[in-house]
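For reference, the structure discussed in these notes is given below.
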Amino acid sequence: MSDSTPLILPDARHLLRRTGFGASVDAAQALVGDFPTRGAAADHLLDFTPTHFKPGGRYVENLHASWVKYMVKTRLVLQEKLVLFWHDHFATSYDKVGDTGLMGEQNRLLRTFCNGNFRNFVKAINKDPAMMEFLDTVRNDKDEPNENYARELQELFTLGVKDPLGNPNYEQEDIVQIARAFSGWTYDRQGVAFLRHGDHDKGDVIEGWNPPRGPKVMYKSRGDFNNPSGQSFDAGTNYEAEIDNVIDIIFQHRYGPTGSERGTTADYIAQKLITYFAHPSPTQSFVHDVVDGSGFAASFELTPLLKAIFVHDDFYLTAAAPAAGTVKSVKWPIDFVVSTLRTLGMKLRSRYQYVNGGDYAAIRDQLTNMGQTLFEPPSVFGWDWETGWLSSATLLARYDFARDLTSARGGGGTSFRPDRLIDLSLTDPGAIVDAVTTLLGVDDQVGTTERNALINYVTDGAGPGAAVDLGDDTVRDRKLNGLVATVLQSPIYQLH
Amino acid sequence: MAISRRQFLTRTGIATAGMMFGPSLFRTPWLRQAMASTIGDRYLIVLFLDGGNDGLNTVIPVGGALRAAYEAARNTGPGGIRIVDPLVPTTAFSDVTGDQLGFHPGFASLRDLYDQGMVAVVQGCGYPQYSLSHDVSRSIWRQGAPLSAPGTGWVGRYLAAAGYASSDIPAVNIGSEVAGEYAQTATSVLVFDQLSDFGFPYDDSYYDPGQMPLDPLDDTPFKDAAFNALYAAAAANGNPFMQYLGSTGASTLLATNSYPQLHQDYLDDRASFSAMYPKTSTARGLREIAKVIYGVARGVPNVSARLFELSNGGYDTHSNQGAEDPADQQYKLHQEVGDALKVFFADLADIALGAPSGSGKENLASKVSVMIWSEFSRRIQQNDSGTDHGSQGPMFVIGGGVHGGVYGEHPNIDAAALDDDGNTAYKQDHSNGARSTDMRDVYGTIFKHWLGITSASTLASLLPLDSTLGYSGPDYWTAANFDMGFVP
């Protein structure tokens with residue numbers, strides 16, 4: 001792992017693919033030219049202040065469309081890749097929240113904190129109205145405590161159920177205690193969270209709770225905090241401060257043998273970010289390297305952590321074509337859609353953002369068929385990644401999208417125009433195939449077998465010796481469009 | 001605490017799949033082939049009631065101590081959900097205690113099937129350390145592994161073990177994703193919503209139907225060839241992940257060629273039965289399965305699926321659960337499932353009636369078993385107008401090859417026997433007044449007696465006991481009962 005390792009072209013393409021939506025040769029060459037080392041390139045990609053974009057619209061369809069539209073046009077692709085990650089991590093569904101305004105605000109919150117301080121991020125999520133609805137904080141009061149948020153806060157957002165050594169990170173009692181801190185929280189009409197003091201557990205004896213809950217402490221059973229009576233989140237009469245105290249304590253949580261303890265949240269989050277960006281099953285040393293090298297366990301600053309991931313040798317283990325046995329990742333459906341649109345320089349149509357060809361289906365419906373409806377993750381656990389994205393139904397949805405896109409016609413940038421993207425004077429089928437795979441950014445991923453298959457397609461089986469006349473409109477429309485669709489439908493293109 | 005959360009966020013199932021489940025066992029080719037053929041001419045359908053079906057208002061005590069406990073917890077009047085008048089079959093229908101049972105009035109069709117001897121009611125099914133979370137409990141049922149996270153489904157482990165080729169499609173799931181029960185990476189599970197719009201999206205925008213012979217630029221064969229070569233290359237990759245992608249894509253194309261015709265064949269041959277299916281999602285899903293089974297039985301090339309999955313949602317009846325009025329929530333759900341099953345089996349039986357002996361479809365109704373489950377039952381004590389998440393509940397196994405009757409014991413719903421959360425506790429002895437059936441006993445009985453896996457070591461590998469993880473005592477599943485008797 002080194003900042004100063006020279007950035008070679010194949011690695012630059014990998015870096016751009018994983019941190020953005022697709023990677024053309026030209027873009028990668030430009031990156032290498034301007035930023036000759038991994039460190040310089042990572043700094044460049046991470047050098048942004050989050051925008052204030054907020055998806056909006058009366059209906060969830062509009063909300064969805066406005067985010068997709070933004071992803072297709074934005075220059076800050078890494079920002080959107082991060083927002084998608086956090087949308088999965090802090091999974092919240094419109095299905096339960098039922099308010100497009102709150103979902104849009106949460107999306108902006110995810111953007112605001114996407115590369116910032118993770119501890120402050122979690123403190124802000126505590127008070128996010130959409131989250132408060134989704135995990136029932138607004139339905140948690142001292143008489144009828146609701147443990148939903150207190151449980152997921154630890155299990156999914158910060159610690160994980162077990163540490164990497166297999167030991168439980170917390171007990172049911174800790175959930176019960178943390179739920180006390182959140183009792184009585186709600187939000188006003190402006191979407192600002194506030195505490196209803198009358199519904200907050202102030203430590204008074206509450207009817208039906210026997211025995212009383214005692215002092216407001218958590219992690220009593222964890223000796224590693226060196227305090228058998230637990231960690232107090234009591235803030236006296238400043239009840240509003242309790243939930244921040246809870247977060248501060250969670251972020252001090254450690255695991256591992258005495259003398260070599262590690263930050264539980266830091267390793268958990270680093271592991272998940274690595275899984276998203278770099279490698280589906282990272283080694284322990286990869287995780288430790290980036291956490292230790294970035295100081296994340298103390299600072300919880302995401303930008304240095306991300307940089308440490310993007311310069312690590314293991315990040316580039318997944319760069320080569322899969323023919324070499326390289327481990328690859330399945331593109332998320334939204335990545336598949338957005339990177340394809342960006343690569344082909346195409347737009348979707350109208351405020352519902354539909355593809356102007358084939359079935360003319362709205363992109364939200366297409367994404368739903370692919371298994372990823374934005375703003376409606378299947379549960380608090382988010383989406384199932386990797387093979388979870390793959391079934392005959394979801395693959396067919398990807399094939400549908402490719403067919404629809406390559407048959408799109410119409411104005412306003414919504415039509416498929418290969419004549420603007422490919423040199424039509426080419427006649428050699430191998431050269432045509434290479435031009436298309438280069439256009440789609442997978443030329444470095446295609447092996448001989450794949451290339452031959454595509455040559456046979458474009459020559460109707462005549463093979464590499466046959467000439468293809470792209471000047472003939474019918475041949476061009478049929479074979480060139482078909483070739484682009486076939487590459488988009490190929491296994492290689494589903495991976496990155 | 002009765003509830004414990006488990007780490008099941010196994011994002012990359014490949015890394016852990018099989019570790020717990022003795023993969024070496026399945027490397028023996030002859031064993032795998034032997035397993036693949038044991039299913040013979042039978043079919044299995046898994047039907048999931050999504051949301052946590054209130055089992056206590058599905059199979060209802062009619063008399064005795066159970067009825068007294070039931071009436072103590074469930075009210076009549078506004079918001080009341082007590083079933084005053086359960087449907088009692090004409091054939092024997094009682095718990096081991098001798099207490100008479102009845103079906104929810106919405107389940108009249110299920111009662112009819114019961115009277116035909118086709119319904120096994122397996123009472124009180126659950127698992128150790130039950131969870132009240134929909135997601136966690138669903139995942140546990142689907143993996144068939146409460147105390148570990150193998151990353152594969154219980155049917156999936158069978159599929160992987162049975163050694164199907166990557167070009168086989170041994171299973172079909174109705175919907176949009178591979179159901180958790182079927183998760184594995186060895187063979188293909190076909191997923192579709194309906195056959196009528198299932199097909200490969202060829203670009204037909206250049207096809208001119210008025211021009212004969214066909215447009216010479218119709219390049220479908222070359223498209224297929226390229227597609228197959230691309231996916232074959234992925235399937236041949238040494239990486240299991242690439243193999244999965246490759247074989248899923250290849251089998252999808254294969255299926256888009258062979259499956260859509262099943263729809264038209266069925267409509268042509270079985271129009272009168274097709275029209276009898278109610279317009280509900282469960283009935284539609286079962287009809288899609290009937291189309292496939294009809295195709296398999298007739299020997300349509302490349303159609304060989306024998307394991308199916310579908311689900312019906314809406315069972316999370318925290319409020320407005322209703323009771324005996326046909327407009328009530330749970331009534332409608334039971335009616336939907338019961339009516340759909342009744343037509344489905346009538347359809348299968350009719351195929352049998354018209355079939356020549358030796359055709360393989362001479363008794364389809366007795367070749368198909370439907371297993372019904374839900375991620376949990378609901379609490380005995382009702383709330384304002386519904387019920388909250390509970391623990392053990394009934395499963396059903398239905399089919400002409402099933403020994404109808406009541407199996408397992410009704411959970412002890414006496415208030416004094418409930419745990420801190422007000423739910424019935426999982427106990428493998430009778431220390432809580434009833435013995436809980438473990439869901440894995442049901443799965444194992446199906447493996448052994450319906451799918452024909454008789455090797456004890458194979459069964460133990462598919463469904464390892466909790467004791468292999470170091471758990472012991474009556475709170476855990478330490479002794480399997482794969483001979484529950486509901487299939488011969």
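Chain labels run A, B, ... following the order of the structure tokens; each chain numbers its residues from 1, and ligands are numbered from 1 in the order shown.
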
May I ask you to extract the residues of chain A within 8 Å of chain B, using only C-alpha atoms, and to give them as a PyMOL selection string? chain A and resi 160-162+172+280-281+322-323+325-327+358+369+371+379+381+384-387+390-396+399-400+403+407+449-450+453-454+456-457+460-461+475+478+482+486+490-491

For the residues in that selection, give me C-alpha atoms as a PDB file, in the first residue's frame.
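Below is the file that was written, again00.pdb:
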ATOM      1  CA  GLY A 160     -22.454  -5.655  13.810  1.00  0.00           C
ATOM      2  CA  VAL A 161     -23.948  -8.476  15.861  1.00  0.00           C
ATOM      3  CA  LYS A 162     -20.605 -10.138  16.421  1.00  0.00           C
ATOM      4  CA  GLN A 172     -30.377  -7.533  24.770  1.00  0.00           C
ATOM      5  CA  PRO A 280     -16.334  -9.075  -1.946  1.00  0.00           C
ATOM      6  CA  SER A 281     -14.329 -11.034   0.622  1.00  0.00           C
ATOM      7  CA  PRO A 322     -12.185 -12.501 -15.017  1.00  0.00           C
ATOM      8  CA  ALA A 323     -10.648 -14.932 -17.480  1.00  0.00           C
ATOM      9  CA  GLY A 325      -9.662 -16.163 -12.382  1.00  0.00           C
ATOM     10  CA  THR A 326      -9.940 -12.711 -10.897  1.00  0.00           C
ATOM     11  CA  VAL A 327     -12.692 -12.139  -8.367  1.00  0.00           C
ATOM     12  CA  GLY A 358     -38.551  -1.125 -26.906  1.00  0.00           C
ATOM     13  CA  ASN A 369     -37.416  -5.830 -12.372  1.00  0.00           C
ATOM     14  CA  GLY A 371     -34.136  -6.052  -8.198  1.00  0.00           C
ATOM     15  CA  SER A 379     -35.754  -4.305   4.338  1.00  0.00           C
ATOM     16  CA  PHE A 381     -30.885  -5.033   5.852  1.00  0.00           C
ATOM     17  CA  ASP A 384     -28.488  -8.554  -1.215  1.00  0.00           C
ATOM     18  CA  TRP A 385     -25.355  -7.851  -3.185  1.00  0.00           C
ATOM     19  CA  GLU A 386     -23.327  -9.960  -5.604  1.00  0.00           C
ATOM     20  CA  THR A 387     -25.145 -13.198  -6.521  1.00  0.00           C
ATOM     21  CA  LEU A 390     -28.597 -12.481 -10.229  1.00  0.00           C
ATOM     22  CA  SER A 391     -31.577 -14.559 -11.249  1.00  0.00           C
ATOM     23  CA  SER A 392     -33.111 -15.361 -14.598  1.00  0.00           C
ATOM     24  CA  ALA A 393     -35.762 -12.716 -13.915  1.00  0.00           C
ATOM     25  CA  THR A 394     -33.304  -9.960 -12.988  1.00  0.00           C
ATOM     26  CA  LEU A 395     -30.952 -10.847 -15.842  1.00  0.00           C
ATOM     27  CA  LEU A 396     -33.837 -10.713 -18.303  1.00  0.00           C
ATOM     28  CA  TYR A 399     -31.369  -7.722 -21.216  1.00  0.00           C
ATOM     29  CA  ASP A 400     -34.642  -5.845 -21.709  1.00  0.00           C
ATOM     30  CA  ARG A 403     -32.617  -4.021 -26.076  1.00  0.00           C
ATOM     31  CA  SER A 407     -33.650   0.597 -30.204  1.00  0.00           C
ATOM     32  CA  THR A 449     -13.444 -16.381 -26.623  1.00  0.00           C
ATOM     33  CA  GLU A 450     -15.735 -13.436 -26.056  1.00  0.00           C
ATOM     34  CA  ALA A 453     -18.208 -14.809 -30.290  1.00  0.00           C
ATOM     35  CA  LEU A 454     -18.905 -11.157 -30.997  1.00  0.00           C
ATOM     36  CA  ASN A 456     -19.252 -14.271 -35.343  1.00  0.00           C
ATOM     37  CA  TYR A 457     -22.316 -12.315 -34.363  1.00  0.00           C
ATOM     38  CA  ASP A 460     -23.579 -13.614 -39.160  1.00  0.00           C
ATOM     39  CA  GLY A 461     -21.203 -16.473 -38.612  1.00  0.00           C
ATOM     40  CA  VAL A 475     -26.550  -3.663 -41.813  1.00  0.00           C
ATOM     41  CA  ARG A 478     -29.209  -4.419 -37.424  1.00  0.00           C
ATOM     42  CA  GLY A 482     -27.339  -5.726 -32.045  1.00  0.00           C
ATOM     43  CA  THR A 486     -25.148  -8.147 -27.008  1.00  0.00           C
ATOM     44  CA  SER A 490     -22.885 -10.257 -21.781  1.00  0.00           C
ATOM     45  CA  PRO A 491     -21.610 -11.624 -18.474  1.00  0.00           C
TER      46      PRO A 491
END

Within 12 Å of segment 54-63 of chain A, counting only C-alpha atoms, which residues show up once you throw out same-chain ones fewer than 2 positions away? Write them as a PyMOL selection string, please. chain A and resi 50-52+65-71+80+83+93-95+97-112+350-354+362-365+367-368+373-376

Segment 216-449 of chain B: residues DSSP assigns to helix (DSSP H, G or I), reported as a VMD selection string: chain B and resid 220 to 235 240 to 258 260 to 269 271 to 276 281 to 297 329 to 353 364 to 366 415 to 417 439 to 449

If you count only C-alpha atoms, which residues fall within 10 Å of Met218 of chain A, apart from same-chain ones fewer than 5 positions away, as a ChimeraX atom specification? /A:170-171,173-178,229-233,246,249-250

Write the residues of the preceding selection, restricted to C-alpha atoms, as a PDB file, in the first residue's frame.
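Final output, result_24.pdb:
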ATOM      1  CA  TYR A 170     -23.785  -6.383  22.834  1.00  0.00           C
ATOM      2  CA  GLU A 171     -26.644  -7.946  24.740  1.00  0.00           C
ATOM      3  CA  GLU A 173     -29.990  -5.465  27.944  1.00  0.00           C
ATOM      4  CA  ASP A 174     -27.932  -2.928  25.974  1.00  0.00           C
ATOM      5  CA  ILE A 175     -30.732  -2.616  23.428  1.00  0.00           C
ATOM      6  CA  VAL A 176     -33.231  -2.022  26.215  1.00  0.00           C
ATOM      7  CA  GLN A 177     -31.001   0.643  27.753  1.00  0.00           C
ATOM      8  CA  ILE A 178     -30.301   2.459  24.504  1.00  0.00           C
ATOM      9  CA  SER A 229     -20.976  -0.808  36.323  1.00  0.00           C
ATOM     10  CA  GLY A 230     -21.269   0.118  32.665  1.00  0.00           C
ATOM     11  CA  GLN A 231     -20.943   3.205  30.532  1.00  0.00           C
ATOM     12  CA  SER A 232     -23.301   5.963  31.570  1.00  0.00           C
ATOM     13  CA  PHE A 233     -25.130   7.947  28.936  1.00  0.00           C
ATOM     14  CA  VAL A 246     -24.946   6.761  23.267  1.00  0.00           C
ATOM     15  CA  ILE A 249     -19.996   5.244  23.725  1.00  0.00           C
ATOM     16  CA  ILE A 250     -20.754   2.947  20.775  1.00  0.00           C
TER      17      ILE A 250
END

Length of the atom CA of Asp267 of chain A to atom CA of His253 of chain A vector [Å]: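 Those two atoms sit 10.9 Å apart.
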